[in-house]
$ cat structure29.cif   # mmCIF, C-alpha atoms and all ligand atoms
data_run
loop_
_atom_site.group_PDB
_atom_site.id
_atom_site.type_symbol
_atom_site.label_atom_id
_atom_site.label_comp_id
_atom_site.auth_asym_id
_atom_site.auth_seq_id
_atom_site.Cartn_x
_atom_site.Cartn_y
_atom_site.Cartn_z
ATOM 1 C CA MET A 1 86.516 92.983 80.811
ATOM 2 C CA GLY A 2 84.551 91.788 83.820
ATOM 3 C CA LYS A 3 85.713 90.547 87.155
ATOM 4 C CA PHE A 4 85.031 86.886 86.408
ATOM 5 C CA VAL A 5 84.306 86.703 82.687
ATOM 6 C CA TYR A 6 87.031 87.583 80.193
ATOM 7 C CA GLY A 7 87.576 87.533 76.453
ATOM 8 C CA PRO A 8 86.656 86.092 74.043
ATOM 9 C CA VAL A 9 90.331 85.196 73.743
ATOM 10 C CA PRO A 10 91.913 83.332 70.833
ATOM 11 C CA SER A 11 92.906 79.811 71.851
ATOM 12 C CA ARG A 12 94.808 77.369 69.658
ATOM 13 C CA ARG A 13 92.762 74.505 71.000
ATOM 14 C CA LEU A 14 89.341 76.087 71.357
ATOM 15 C CA GLY A 15 89.100 78.855 68.767
ATOM 16 C CA ARG A 16 87.455 81.933 70.293
ATOM 17 C CA SER A 17 86.890 81.203 73.934
ATOM 18 C CA LEU A 18 84.907 83.218 76.481
ATOM 19 C CA GLY A 19 86.645 82.490 79.794
ATOM 20 C CA ILE A 20 85.117 82.227 83.263
ATOM 21 C CA ASP A 21 87.351 82.521 86.296
ATOM 22 C CA LEU A 22 85.645 81.104 89.399
ATOM 23 C CA LEU A 23 88.553 81.514 91.771
ATOM 24 C CA ARG A 24 90.658 84.598 92.210
ATOM 25 C CA PRO A 25 93.472 84.784 93.214
ATOM 26 C CA LYS A 26 95.007 81.325 92.615
ATOM 27 C CA ILE A 27 93.240 78.561 94.514
ATOM 28 C CA CYS A 28 94.483 75.142 93.506
ATOM 29 C CA THR A 29 95.054 71.626 94.826
ATOM 30 C CA VAL A 30 98.501 71.456 93.221
ATOM 31 C CA ASN A 31 101.364 73.896 92.761
ATOM 32 C CA CYS A 32 102.846 73.084 89.341
ATOM 33 C CA VAL A 33 106.455 74.193 88.892
ATOM 34 C CA TYR A 34 105.441 75.775 85.576
ATOM 35 C CA CYS A 35 102.352 77.623 86.868
ATOM 36 C CA GLN A 36 102.207 81.111 85.363
ATOM 37 C CA ILE A 37 100.129 82.580 88.155
ATOM 38 C CA GLY A 38 102.733 82.143 90.875
ATOM 39 C CA SER A 39 103.803 79.709 93.557
ATOM 40 C CA TYR A 40 101.221 79.176 96.328
ATOM 41 C CA PRO A 41 100.837 76.304 98.801
ATOM 42 C CA PRO A 42 98.375 73.737 97.385
ATOM 43 C CA LEU A 43 94.986 73.443 99.090
ATOM 44 C CA PRO A 44 93.223 70.235 100.194
ATOM 45 C CA PRO A 45 90.593 68.891 97.772
ATOM 46 C CA VAL A 46 87.702 70.425 99.696
ATOM 47 C CA ARG A 47 84.983 72.091 97.654
ATOM 48 C CA LYS A 48 83.291 75.270 98.736
ATOM 49 C CA ARG A 49 81.788 78.548 97.555
ATOM 50 C CA PHE A 50 84.400 81.159 96.693
ATOM 51 C CA VAL A 51 82.272 83.855 95.089
ATOM 52 C CA ASN A 52 78.572 84.489 94.828
ATOM 53 C CA PRO A 53 77.467 82.507 91.732
ATOM 54 C CA LYS A 54 74.828 85.153 90.975
ATOM 55 C CA ASP A 55 77.612 87.671 90.271
ATOM 56 C CA ILE A 56 79.164 85.298 87.743
ATOM 57 C CA GLU A 57 75.786 84.531 86.130
ATOM 58 C CA ARG A 58 75.053 88.243 85.794
ATOM 59 C CA GLU A 59 78.429 88.910 84.146
ATOM 60 C CA LEU A 60 78.127 85.937 81.835
ATOM 61 C CA ALA A 61 74.631 86.924 80.707
ATOM 62 C CA GLU A 62 75.888 90.459 80.015
ATOM 63 C CA ALA A 63 78.902 89.191 78.074
ATOM 64 C CA ILE A 64 76.647 87.027 75.896
ATOM 65 C CA ARG A 65 73.970 89.691 75.285
ATOM 66 C CA PRO A 66 75.749 91.450 72.362
ATOM 67 C CA LYS A 67 76.068 87.992 70.744
ATOM 68 C CA PRO A 68 79.874 87.897 70.431
ATOM 69 C CA ARG A 69 81.345 85.330 68.053
ATOM 70 C CA ILE A 70 82.538 82.577 70.389
ATOM 71 C CA ASP A 71 83.372 78.913 69.883
ATOM 72 C CA TYR A 72 83.374 77.891 73.565
ATOM 73 C CA ILE A 73 82.465 79.116 77.021
ATOM 74 C CA THR A 74 85.416 77.897 79.083
ATOM 75 C CA PHE A 75 85.726 77.441 82.843
ATOM 76 C CA SER A 76 89.386 77.893 83.673
ATOM 77 C CA GLY A 77 91.204 80.848 85.149
ATOM 78 C CA SER A 78 93.385 81.245 88.177
ATOM 79 C CA GLY A 79 93.119 77.880 89.843
ATOM 80 C CA GLU A 80 91.154 74.647 89.885
ATOM 81 C CA PRO A 81 87.485 75.225 88.915
ATOM 82 C CA THR A 82 86.267 71.899 90.364
ATOM 83 C CA LEU A 83 87.065 73.270 93.848
ATOM 84 C CA SER A 84 84.070 75.552 93.465
ATOM 85 C CA SER A 85 80.911 73.944 94.827
ATOM 86 C CA ASP A 86 78.976 76.152 92.374
ATOM 87 C CA LEU A 87 80.560 74.652 89.275
ATOM 88 C CA GLY A 88 77.560 72.433 88.447
ATOM 89 C CA ARG A 89 75.107 75.293 88.792
ATOM 90 C CA LEU A 90 77.305 77.531 86.612
ATOM 91 C CA VAL A 91 77.891 74.914 83.912
ATOM 92 C CA ASN A 92 74.121 74.465 83.682
ATOM 93 C CA PHE A 93 73.610 78.222 83.547
ATOM 94 C CA ALA A 94 76.194 78.549 80.739
ATOM 95 C CA LYS A 95 74.449 75.754 78.836
ATOM 96 C CA SER A 96 71.058 77.405 79.294
ATOM 97 C CA LEU A 97 72.313 80.472 77.399
ATOM 98 C CA ARG A 98 72.534 78.301 74.255
ATOM 99 C CA SER A 99 75.392 80.405 73.026
ATOM 100 C CA ALA A 100 78.313 77.969 72.657
ATOM 101 C CA PRO A 101 79.484 74.555 73.907
ATOM 102 C CA VAL A 102 80.833 74.542 77.448
ATOM 103 C CA CYS A 103 84.373 73.412 78.207
ATOM 104 C CA VAL A 104 86.058 72.861 81.606
ATOM 105 C CA LEU A 105 89.856 72.988 81.979
ATOM 106 C CA THR A 106 90.894 71.119 85.123
ATOM 107 C CA ASN A 107 93.970 69.682 86.787
ATOM 108 C CA GLY A 108 91.898 66.491 87.157
ATOM 109 C CA THR A 109 92.612 65.907 90.842
ATOM 110 C CA LEU A 110 88.928 65.977 91.860
ATOM 111 C CA LEU A 111 87.506 63.948 88.979
ATOM 112 C CA SER A 112 87.092 60.894 91.207
ATOM 113 C CA HIS A 113 84.698 62.805 93.510
ATOM 114 C CA PRO A 114 81.093 61.701 92.806
ATOM 115 C CA ASP A 115 79.676 65.233 93.135
ATOM 116 C CA VAL A 116 82.234 66.625 90.653
ATOM 117 C CA LYS A 117 81.419 63.823 88.201
ATOM 118 C CA GLU A 118 77.749 64.616 88.400
ATOM 119 C CA GLU A 119 78.210 68.380 88.062
ATOM 120 C CA LEU A 120 80.472 68.105 85.042
ATOM 121 C CA ALA A 121 78.152 65.748 83.205
ATOM 122 C CA ALA A 122 76.408 68.661 81.443
ATOM 123 C CA ALA A 123 79.676 70.052 79.993
ATOM 124 C CA ASP A 124 80.518 69.384 76.350
ATOM 125 C CA VAL A 125 84.310 69.148 76.673
ATOM 126 C CA ILE A 126 86.587 68.343 79.634
ATOM 127 C CA ILE A 127 90.337 68.897 79.417
ATOM 128 C CA PRO A 128 92.301 67.566 82.414
ATOM 129 C CA ASN A 129 96.088 67.685 82.863
ATOM 130 C CA LEU A 130 98.322 64.659 83.073
ATOM 131 C CA ASP A 131 102.012 65.588 83.256
ATOM 132 C CA ALA A 132 103.190 62.597 85.290
ATOM 133 C CA ALA A 133 103.043 58.839 84.811
ATOM 134 C CA ASN A 134 103.895 58.028 88.424
ATOM 135 C CA ALA A 135 103.707 59.444 91.946
ATOM 136 C CA ARG A 136 107.379 60.486 91.960
ATOM 137 C CA VAL A 137 107.102 62.717 88.886
ATOM 138 C CA PHE A 138 103.664 63.967 90.026
ATOM 139 C CA LYS A 139 105.280 65.167 93.260
ATOM 140 C CA LYS A 140 108.141 66.803 91.400
ATOM 141 C CA VAL A 141 106.196 68.577 88.633
ATOM 142 C CA ASN A 142 102.719 69.169 90.090
ATOM 143 C CA ARG A 143 103.544 69.284 93.816
ATOM 144 C CA PRO A 144 100.066 68.217 95.030
ATOM 145 C CA HIS A 145 98.502 68.743 98.445
ATOM 146 C CA PRO A 146 99.343 65.682 100.622
ATOM 147 C CA ASP A 147 95.648 64.639 100.628
ATOM 148 C CA ILE A 148 95.825 64.004 96.885
ATOM 149 C CA LYS A 149 96.971 60.506 96.012
ATOM 150 C CA PHE A 150 98.370 59.827 92.564
ATOM 151 C CA ASP A 151 96.595 56.453 92.170
ATOM 152 C CA GLU A 152 93.194 57.973 92.954
ATOM 153 C CA TYR A 153 93.844 60.854 90.558
ATOM 154 C CA LEU A 154 94.780 58.439 87.766
ATOM 155 C CA GLU A 155 91.838 56.174 88.525
ATOM 156 C CA GLY A 156 89.597 59.274 88.433
ATOM 157 C CA LEU A 157 90.832 60.123 84.931
ATOM 158 C CA GLU A 158 90.342 56.565 83.661
ATOM 159 C CA THR A 159 86.828 56.218 85.060
ATOM 160 C CA TYR A 160 85.780 59.682 84.003
ATOM 161 C CA ALA A 161 86.959 59.188 80.419
ATOM 162 C CA ARG A 162 84.888 55.990 80.234
ATOM 163 C CA GLU A 163 81.725 57.486 81.695
ATOM 164 C CA PHE A 164 81.673 61.015 80.253
ATOM 165 C CA SER A 165 79.493 61.364 77.177
ATOM 166 C CA GLY A 166 81.156 64.545 75.832
ATOM 167 C CA LYS A 167 84.666 65.012 74.455
ATOM 168 C CA PHE A 168 87.551 64.222 76.793
ATOM 169 C CA PHE A 169 91.042 65.508 75.973
ATOM 170 C CA ILE A 170 94.264 65.244 77.994
ATOM 171 C CA GLU A 171 96.749 68.085 78.190
ATOM 172 C CA ILE A 172 100.424 67.431 79.003
ATOM 173 C CA VAL A 173 102.978 70.084 79.933
ATOM 174 C CA LEU A 174 106.577 68.948 79.498
ATOM 175 C CA VAL A 175 109.277 70.456 81.693
ATOM 176 C CA LYS A 176 112.925 70.048 80.731
ATOM 177 C CA GLY A 177 114.683 67.400 82.829
ATOM 178 C CA MET A 178 111.577 66.648 84.931
ATOM 179 C CA ASN A 179 109.122 64.629 82.822
ATOM 180 C CA ASP A 180 110.639 64.591 79.310
ATOM 181 C CA SER A 181 112.831 61.458 79.393
ATOM 182 C CA GLU A 182 112.053 58.754 76.845
ATOM 183 C CA GLU A 183 111.403 56.277 79.657
ATOM 184 C CA HIS A 184 108.874 58.577 81.337
ATOM 185 C CA LEU A 185 107.166 59.437 78.039
ATOM 186 C CA GLU A 186 106.715 55.733 77.335
ATOM 187 C CA GLU A 187 105.210 55.215 80.789
ATOM 188 C CA LEU A 188 102.915 58.192 80.146
ATOM 189 C CA ALA A 189 101.908 56.744 76.766
ATOM 190 C CA ALA A 190 100.851 53.506 78.516
ATOM 191 C CA ARG A 191 98.762 55.465 81.051
ATOM 192 C CA ILE A 192 97.094 57.416 78.252
ATOM 193 C CA GLU A 193 96.346 54.222 76.352
ATOM 194 C CA ARG A 194 94.327 53.016 79.366
ATOM 195 C CA ILE A 195 92.513 56.348 79.746
ATOM 196 C CA ASP A 196 91.711 56.324 76.018
ATOM 197 C CA PRO A 197 90.902 60.054 75.598
ATOM 198 C CA ASP A 198 89.555 61.624 72.394
ATOM 199 C CA GLY A 199 92.838 63.491 71.939
ATOM 200 C CA VAL A 200 96.044 64.628 73.670
ATOM 201 C CA TRP A 201 97.677 68.041 73.541
ATOM 202 C CA ILE A 202 101.344 68.303 74.379
ATOM 203 C CA GLY A 203 102.816 71.667 75.301
ATOM 204 C CA THR A 204 105.679 73.022 77.333
ATOM 205 C CA VAL A 205 106.507 75.765 79.828
ATOM 206 C CA THR A 206 105.596 79.288 78.775
ATOM 207 C CA ARG A 207 107.450 82.120 80.443
ATOM 208 C CA PRO A 208 107.531 83.339 83.114
ATOM 209 C CA PRO A 209 106.775 80.198 85.147
ATOM 210 C CA ALA A 210 106.407 80.265 88.957
ATOM 211 C CA GLU A 211 109.791 78.625 89.395
ATOM 212 C CA THR A 212 112.809 79.542 87.318
ATOM 213 C CA VAL A 213 113.919 75.881 87.452
ATOM 214 C CA ALA A 214 110.980 75.079 85.155
ATOM 215 C CA LYS A 215 112.456 75.244 81.660
ATOM 216 C CA PRO A 216 110.729 74.557 78.351
ATOM 217 C CA VAL A 217 111.636 71.516 76.265
ATOM 218 C CA THR A 218 112.746 71.884 72.656
ATOM 219 C CA LYS A 219 110.541 71.459 69.580
ATOM 220 C CA GLU A 220 112.381 68.186 68.921
ATOM 221 C CA THR A 221 111.378 66.850 72.353
ATOM 222 C CA LEU A 222 107.764 67.881 71.740
ATOM 223 C CA GLY A 223 107.915 66.021 68.428
ATOM 224 C CA LYS A 224 109.426 62.946 70.108
ATOM 225 C CA ALA A 225 106.692 62.997 72.768
ATOM 226 C CA ARG A 226 104.057 63.173 70.049
ATOM 227 C CA ARG A 227 105.542 60.144 68.279
ATOM 228 C CA ILE A 228 105.742 58.140 71.526
ATOM 229 C CA ILE A 229 102.218 59.000 72.645
ATOM 230 C CA GLY A 230 100.850 58.169 69.240
ATOM 231 C CA GLU A 231 98.417 59.318 66.612
ATOM 232 C CA ARG A 232 95.864 60.963 68.850
ATOM 233 C CA ALA A 233 98.511 63.421 70.187
ATOM 234 C CA GLN A 234 99.350 66.826 68.799
ATOM 235 C CA THR A 235 101.679 69.536 69.989
ATOM 236 C CA ILE A 236 100.645 73.037 70.956
ATOM 237 C CA SER A 237 103.166 75.814 70.840
ATOM 238 C CA ALA A 238 103.450 78.714 73.214
ATOM 239 C CA PHE A 239 101.692 81.990 72.546
ATOM 240 C CA HIS A 240 103.095 83.863 69.557
ATOM 241 C CA SER A 241 102.225 87.191 68.035
ATOM 242 C CA ASP A 242 100.198 85.530 65.286
ATOM 243 C CA ASP A 243 97.641 84.723 67.991
ATOM 244 C CA THR A 244 96.995 88.359 68.676
ATOM 245 C CA GLY A 245 93.546 89.622 67.907
ATOM 246 C CA SER A 246 92.049 92.884 69.072
ATOM 247 C CA PHE A 247 91.724 91.421 72.590
ATOM 248 C CA TYR A 248 95.484 91.042 72.995
ATOM 249 C CA GLY A 249 96.164 94.346 71.236
ATOM 250 C CA GLU A 250 94.047 96.195 73.784
ATOM 251 C CA LEU A 251 95.454 94.233 76.731
ATOM 252 C CA THR A 252 99.037 94.882 75.554
ATOM 253 C CA GLU A 253 98.393 98.618 75.392
ATOM 254 C CA ASN A 254 96.861 98.661 78.882
ATOM 255 C CA ILE A 255 99.756 96.667 80.367
ATOM 256 C CA LEU A 256 102.349 98.938 78.770
ATOM 257 C CA ALA A 257 100.517 102.015 80.058
ATOM 258 C CA LEU A 258 100.940 100.607 83.591
ATOM 259 C CA LEU A 259 104.560 99.477 83.213
ATOM 260 C CA ILE A 260 105.709 102.772 81.737
ATOM 261 C CA ARG A 261 104.796 104.302 85.105
ATOM 262 C CA ARG A 262 106.321 101.648 87.410
ATOM 263 C CA PRO A 263 107.430 97.977 87.536
ATOM 264 C CA GLU A 264 104.593 95.612 88.504
ATOM 265 C CA THR A 265 103.955 91.927 89.243
ATOM 266 C CA VAL A 266 101.564 89.857 87.101
ATOM 267 C CA GLU A 267 99.224 89.676 90.079
ATOM 268 C CA ASN A 268 99.056 93.454 90.458
ATOM 269 C CA ILE A 269 98.662 94.017 86.727
ATOM 270 C CA SER A 270 95.763 91.538 86.649
ATOM 271 C CA LYS A 271 94.121 93.220 89.635
ATOM 272 C CA SER A 272 94.583 96.749 88.284
ATOM 273 C CA LEU A 273 93.186 95.864 84.863
ATOM 274 C CA GLY A 274 90.579 93.374 86.060
ATOM 275 C CA ALA A 275 92.203 90.943 83.605
ATOM 276 C CA ASN A 276 92.740 87.213 83.825
ATOM 277 C CA PRO A 277 96.286 86.363 85.069
ATOM 278 C CA HIS A 278 96.751 83.668 82.385
ATOM 279 C CA GLU A 279 96.040 86.203 79.640
ATOM 280 C CA VAL A 280 98.235 88.858 81.290
ATOM 281 C CA THR A 281 101.053 86.294 81.488
ATOM 282 C CA LYS A 282 100.785 85.506 77.780
ATOM 283 C CA VAL A 283 101.104 89.180 76.860
ATOM 284 C CA ILE A 284 103.965 89.681 79.349
ATOM 285 C CA ALA A 285 105.836 86.693 77.839
ATOM 286 C CA GLN A 286 105.539 88.231 74.386
ATOM 287 C CA LEU A 287 106.705 91.674 75.598
ATOM 288 C CA VAL A 288 109.717 90.097 77.372
ATOM 289 C CA GLU A 289 110.564 88.108 74.249
ATOM 290 C CA ASP A 290 110.552 91.185 72.016
ATOM 291 C CA GLY A 291 112.565 93.228 74.568
ATOM 292 C CA THR A 292 109.875 95.841 75.346
ATOM 293 C CA ILE A 293 109.909 94.922 79.035
ATOM 294 C CA ARG A 294 112.248 92.876 81.242
ATOM 295 C CA ARG A 295 111.887 90.672 84.283
ATOM 296 C CA ARG A 296 113.344 91.775 87.572
ATOM 297 C CA ASP A 297 113.320 89.717 90.802
ATOM 298 C CA MET A 298 113.060 91.809 93.964
ATOM 299 C CA SER A 299 112.353 90.760 97.557
ATOM 300 C CA GLY A 300 111.189 87.316 96.485
ATOM 301 C CA LYS A 301 108.716 88.694 93.901
ATOM 302 C CA THR A 302 108.944 88.908 90.137
ATOM 303 C CA TYR A 303 108.345 92.351 88.661
ATOM 304 C CA PHE A 304 108.255 93.472 85.053
ATOM 305 C CA GLU A 305 109.648 96.821 84.021
ATOM 306 C CA TYR A 306 109.509 98.861 80.858
ATOM 307 C CA VAL A 307 112.795 99.017 78.940
ATOM 308 C CA LYS A 308 113.521 102.614 77.955
ATOM 309 C CA ASN A 309 115.271 103.070 74.586
HETATM 310 S S1 LIG B 1 99.123 75.455 86.317
HETATM 311 FE FE1 LIG B 1 96.926 75.257 86.760
HETATM 312 S S2 LIG B 1 96.818 73.295 87.862
HETATM 313 FE FE2 LIG B 1 98.965 73.925 87.949
HETATM 314 S S3 LIG B 1 99.160 75.101 89.851
HETATM 315 FE FE3 LIG B 1 98.709 76.605 88.223
HETATM 316 S S4 LIG B 1 96.492 76.831 88.307
HETATM 317 FE FE4 LIG B 1 96.964 74.925 89.416
#
$ encode --input "structure29.cif" --output "structure tokens"
Amino acid sequence: MGKFVYGPVPSRRLGRSLGIDLLRPKICTVNCVYCQIGSYPPLPPVRKRFVNPKDIERELAEAIRPKPRIDYITFSGSGEPTLSSDLGRLVNFAKSLRSAPVCVLTNGTLLSHPDVKEELAAADVIIPNLDAANARVFKKVNRPHPDIKFDEYLEGLETYAREFSGKFFIEIVLVKGMNDSEEHLEELAARIERIDPDGVWIGTVTRPPAETVAKPVTKETLGKARRIIGERAQTISAFHSDDTGSFYGELTENILALLIRRPETVENISKSLGANPHEVTKVIAQLVEDGTIRRRDMSGKTYFEYVKN
């Protein structure tokens, strides 16, 4: 696994996805209560260079050289990719490889910026988040930087969906007691109707989230949300062992080899293995669920430790 390019990883939405992480560690304009990477203060929506784009291009070209079977090249990773002022250049580079369609996962808060609009135009698929139908819920669930205004964010989504020539999907994360009431889901459905995306994916919190107050909703609530939002919506479940391919098998072994020696945080595991924090978190969640490791909170940090038999 490289420093910026990881996978291909199996994704329920995108098949086999080769991931590109432009920002490490987490750099984001919001601080979602359910974020798996950790809780960090949100940054203002100011774009800049975070890493030398040539390093990413070199890694991506190397990852593509053996012609791996991939369905998408996906810009995502540990933060908000549109904050990188090199995104346009890198999307164009990924397209020039003619290997797979290019997808960008985004929190959507910069979609109203003209330069972001222009740079994303070459992508094939854009998947922004929309967890809140109003400023109050946005503040509670996504905890944006004060320079981000809900109305501009929403307007950005609506305009972008109209103007973008590729596929535009919305992703919603439901958090128990925060954005899952029937009233809020109906308000969200009306917002989505105006945006008119090609599809909507509804998911919930996967463990361990940044904040322990962020709890997943039940399958029934996911089903109710799907009915309220309508035909274009489908639910996505959390990571389960049937997702595991050789990528996760190898990552699981490497994580266990570390945790057998000492408890570690997700951040340290990702750094030590050069692995993407989202992917590490998925494996950790599975290992916690099957009792191989357990969570332990110490000095304000969350560690994971191996459970000896
Ligand atoms: S979940 Fe994504 S958008 Fe939300 S804080 Fe984490 S990195 Fe940012």
$ residues_near_ligand --input "structure29.cif" --ligand "ligand LIG 1 (chain B)" --cutoff "6 Å" --atoms "all atoms listed in the file" --output "mmCIF file with C-alpha atoms, in the frame of the given file"
data_model
loop_
_atom_site.group_PDB
_atom_site.id
_atom_site.type_symbol
_atom_site.label_atom_id
_atom_site.label_comp_id
_atom_site.auth_asym_id
_atom_site.auth_seq_id
_atom_site.Cartn_x
_atom_site.Cartn_y
_atom_site.Cartn_z
ATOM 1 C CA CYS A 28 94.483 75.142 93.506
ATOM 2 C CA VAL A 30 98.501 71.456 93.221
ATOM 3 C CA ASN A 31 101.364 73.896 92.761
ATOM 4 C CA CYS A 32 102.846 73.084 89.341
ATOM 5 C CA CYS A 35 102.352 77.623 86.868
ATOM 6 C CA SER A 78 93.385 81.245 88.177
ATOM 7 C CA GLY A 79 93.119 77.880 89.843
ATOM 8 C CA GLU A 80 91.154 74.647 89.885
ATOM 9 C CA ASN A 107 93.970 69.682 86.787
#
$ resolve_selection --input "structure29.cif" --expression "the PyMOL selection byres (((chain A and resi 171) around 10) and not hetatm)" --output "list in words"
Leu105, Thr106, Asn107, Ile127, Pro128, Asn129, Leu130, Asp131, Phe169, Ile170, Ile172, Val173, Leu174, Gly199, Val200, Trp201, Ile202, Gly203, Ala233, Gln234, Thr235 and Ile236 of chain A
$ resolve_selection --input "structure29.cif" --expression "the PyMOL selection byres (((chain A and resi 148) around 12) and not hetatm)" --output "PyMOL selection string"
chain A and resi 28-30+42-46+107-113+135+138-139+142-147+149-154+156
$ resolve_selection --input "structure29.cif" --expression "the PyMOL selection byres (((chain A and resi 17-27) around 7) and not hetatm)" --output "JSON, numbers by chain"
{"A": [4, 5, 6, 7, 8, 9, 10, 11, 14, 15, 16, 28, 37, 50, 70, 71, 72, 73, 74, 75, 76, 77, 78, 79, 80, 81]}
$ residues_around --input "structure29.cif" --residues "Ser165 in chain A" --least-positions-apart "4" --cutoff "12 Å" --atoms "all atoms listed in the file" --output "PyMOL selection string"
chain A and resi 117-118+120-126+159-161+197-198
$ write_last_selection --input "structure29.cif" --atoms "C-alpha atoms" --output "mmCIF file, keeping the file's coordinate frame"
data_model
loop_
_atom_site.group_PDB
_atom_site.id
_atom_site.type_symbol
_atom_site.label_atom_id
_atom_site.label_comp_id
_atom_site.auth_asym_id
_atom_site.auth_seq_id
_atom_site.Cartn_x
_atom_site.Cartn_y
_atom_site.Cartn_z
ATOM 1 C CA LYS A 117 81.419 63.823 88.201
ATOM 2 C CA GLU A 118 77.749 64.616 88.400
ATOM 3 C CA LEU A 120 80.472 68.105 85.042
ATOM 4 C CA ALA A 121 78.152 65.748 83.205
ATOM 5 C CA ALA A 122 76.408 68.661 81.443
ATOM 6 C CA ALA A 123 79.676 70.052 79.993
ATOM 7 C CA ASP A 124 80.518 69.384 76.350
ATOM 8 C CA VAL A 125 84.310 69.148 76.673
ATOM 9 C CA ILE A 126 86.587 68.343 79.634
ATOM 10 C CA THR A 159 86.828 56.218 85.060
ATOM 11 C CA TYR A 160 85.780 59.682 84.003
ATOM 12 C CA ALA A 161 86.959 59.188 80.419
ATOM 13 C CA PRO A 197 90.902 60.054 75.598
ATOM 14 C CA ASP A 198 89.555 61.624 72.394
#
$ closest_residue --input "structure29.cif" --among "A:Glu158, A:Glu289, A:Asp55, A:Glu253" --to "Asp196 in chain A" --atoms "all atoms listed in the file"
A:Glu158
$ atom_distance --input "structure29.cif" --atom1 "CA of Ala132 in chain A" --atom2 "CA of Gln36 in chain A"
18.5 Å
$ atom_distance --input "structure29.cif" --atom1 "CA of Leu87 in chain A" --atom2 "CA of Arg162 in chain A"
21.2 Å
$ residues_around --input "structure29.cif" --residues "range 258-263 of chain A" --least-positions-apart "5" --cutoff "10 Å" --atoms "all atoms listed in the file" --output "PyMOL selection string"
chain A and resi 253+268-269+272-273+293-296+302-308
$ write_last_selection --input "structure29.cif" --atoms "C-alpha atoms" --output "tab-separated table (two decimals), in the coordinates of the input"
chain	number	residue	atom	x	y	z
A	253	GLU	CA	98.39	98.62	75.39
A	268	ASN	CA	99.06	93.45	90.46
A	269	ILE	CA	98.66	94.02	86.73
A	272	SER	CA	94.58	96.75	88.28
A	273	LEU	CA	93.19	95.86	84.86
A	293	ILE	CA	109.91	94.92	79.04
A	294	ARG	CA	112.25	92.88	81.24
A	295	ARG	CA	111.89	90.67	84.28
A	296	ARG	CA	113.34	91.78	87.57
A	302	THR	CA	108.94	88.91	90.14
A	303	TYR	CA	108.34	92.35	88.66
A	304	PHE	CA	108.26	93.47	85.05
A	305	GLU	CA	109.65	96.82	84.02
A	306	TYR	CA	109.51	98.86	80.86
A	307	VAL	CA	112.80	99.02	78.94
A	308	LYS	CA	113.52	102.61	77.96
$ closest_residue --input "structure29.cif" --among "A:Arg226, A:Lys67, A:Lys3, A:Lys219" --to "Leu188 in chain A" --atoms "all atoms listed in the file"
A:Arg226
$ atom_distance --input "structure29.cif" --atom1 "CA of Ser84 in chain A" --atom2 "CA of Val283 in chain A"
27.4 Å
$ decode --input "structure29.cif" --residues "range 291-299 of chain A" --atoms "N, CA, C and O atoms" --output "PDB file, in the first residue's frame"
ATOM      1  N   GLY A 291     -15.086  -9.848  18.869  1.00  0.00           N
ATOM      2  CA  GLY A 291     -14.465 -10.054  20.181  1.00  0.00           C
ATOM      3  C   GLY A 291     -12.960 -10.307  20.155  1.00  0.00           C
ATOM      4  O   GLY A 291     -12.367 -10.616  21.183  1.00  0.00           O
ATOM      5  N   THR A 292     -12.313 -10.149  18.986  1.00  0.00           N
ATOM      6  CA  THR A 292     -10.866 -10.388  18.913  1.00  0.00           C
ATOM      7  C   THR A 292     -10.095  -9.258  19.599  1.00  0.00           C
ATOM      8  O   THR A 292      -9.045  -9.463  20.190  1.00  0.00           O
ATOM      9  N   ILE A 293     -10.622  -8.045  19.491  1.00  0.00           N
ATOM     10  CA  ILE A 293      -9.997  -6.905  20.162  1.00  0.00           C
ATOM     11  C   ILE A 293     -11.086  -6.152  20.927  1.00  0.00           C
ATOM     12  O   ILE A 293     -12.274  -6.386  20.706  1.00  0.00           O
ATOM     13  N   ARG A 294     -10.695  -5.245  21.836  1.00  0.00           N
ATOM     14  CA  ARG A 294     -11.701  -4.416  22.492  1.00  0.00           C
ATOM     15  C   ARG A 294     -11.223  -2.968  22.560  1.00  0.00           C
ATOM     16  O   ARG A 294     -10.021  -2.699  22.474  1.00  0.00           O
ATOM     17  N   ARG A 295     -12.207  -2.090  22.712  1.00  0.00           N
ATOM     18  CA  ARG A 295     -11.929  -0.659  22.767  1.00  0.00           C
ATOM     19  C   ARG A 295     -11.572  -0.280  24.198  1.00  0.00           C
ATOM     20  O   ARG A 295     -12.159  -0.787  25.139  1.00  0.00           O
ATOM     21  N   ARG A 296     -10.624   0.617  24.342  1.00  0.00           N
ATOM     22  CA  ARG A 296     -10.318   1.101  25.676  1.00  0.00           C
ATOM     23  C   ARG A 296      -9.991   2.600  25.599  1.00  0.00           C
ATOM     24  O   ARG A 296      -9.127   3.015  24.831  1.00  0.00           O
ATOM     25  N   ASP A 297     -10.737   3.419  26.389  1.00  0.00           N
ATOM     26  CA  ASP A 297     -10.504   4.864  26.362  1.00  0.00           C
ATOM     27  C   ASP A 297      -9.517   5.241  27.454  1.00  0.00           C
ATOM     28  O   ASP A 297      -9.717   4.901  28.618  1.00  0.00           O
ATOM     29  N   MET A 298      -8.423   5.886  27.042  1.00  0.00           N
ATOM     30  CA  MET A 298      -7.392   6.289  28.013  1.00  0.00           C
ATOM     31  C   MET A 298      -6.919   7.695  27.688  1.00  0.00           C
ATOM     32  O   MET A 298      -6.637   7.986  26.510  1.00  0.00           O
ATOM     33  N   SER A 299      -6.809   8.528  28.676  1.00  0.00           N
ATOM     34  CA  SER A 299      -6.326   9.908  28.543  1.00  0.00           C
ATOM     35  C   SER A 299      -6.929  10.621  27.331  1.00  0.00           C
ATOM     36  O   SER A 299      -6.219  11.234  26.531  1.00  0.00           O
TER      37      SER A 299
END
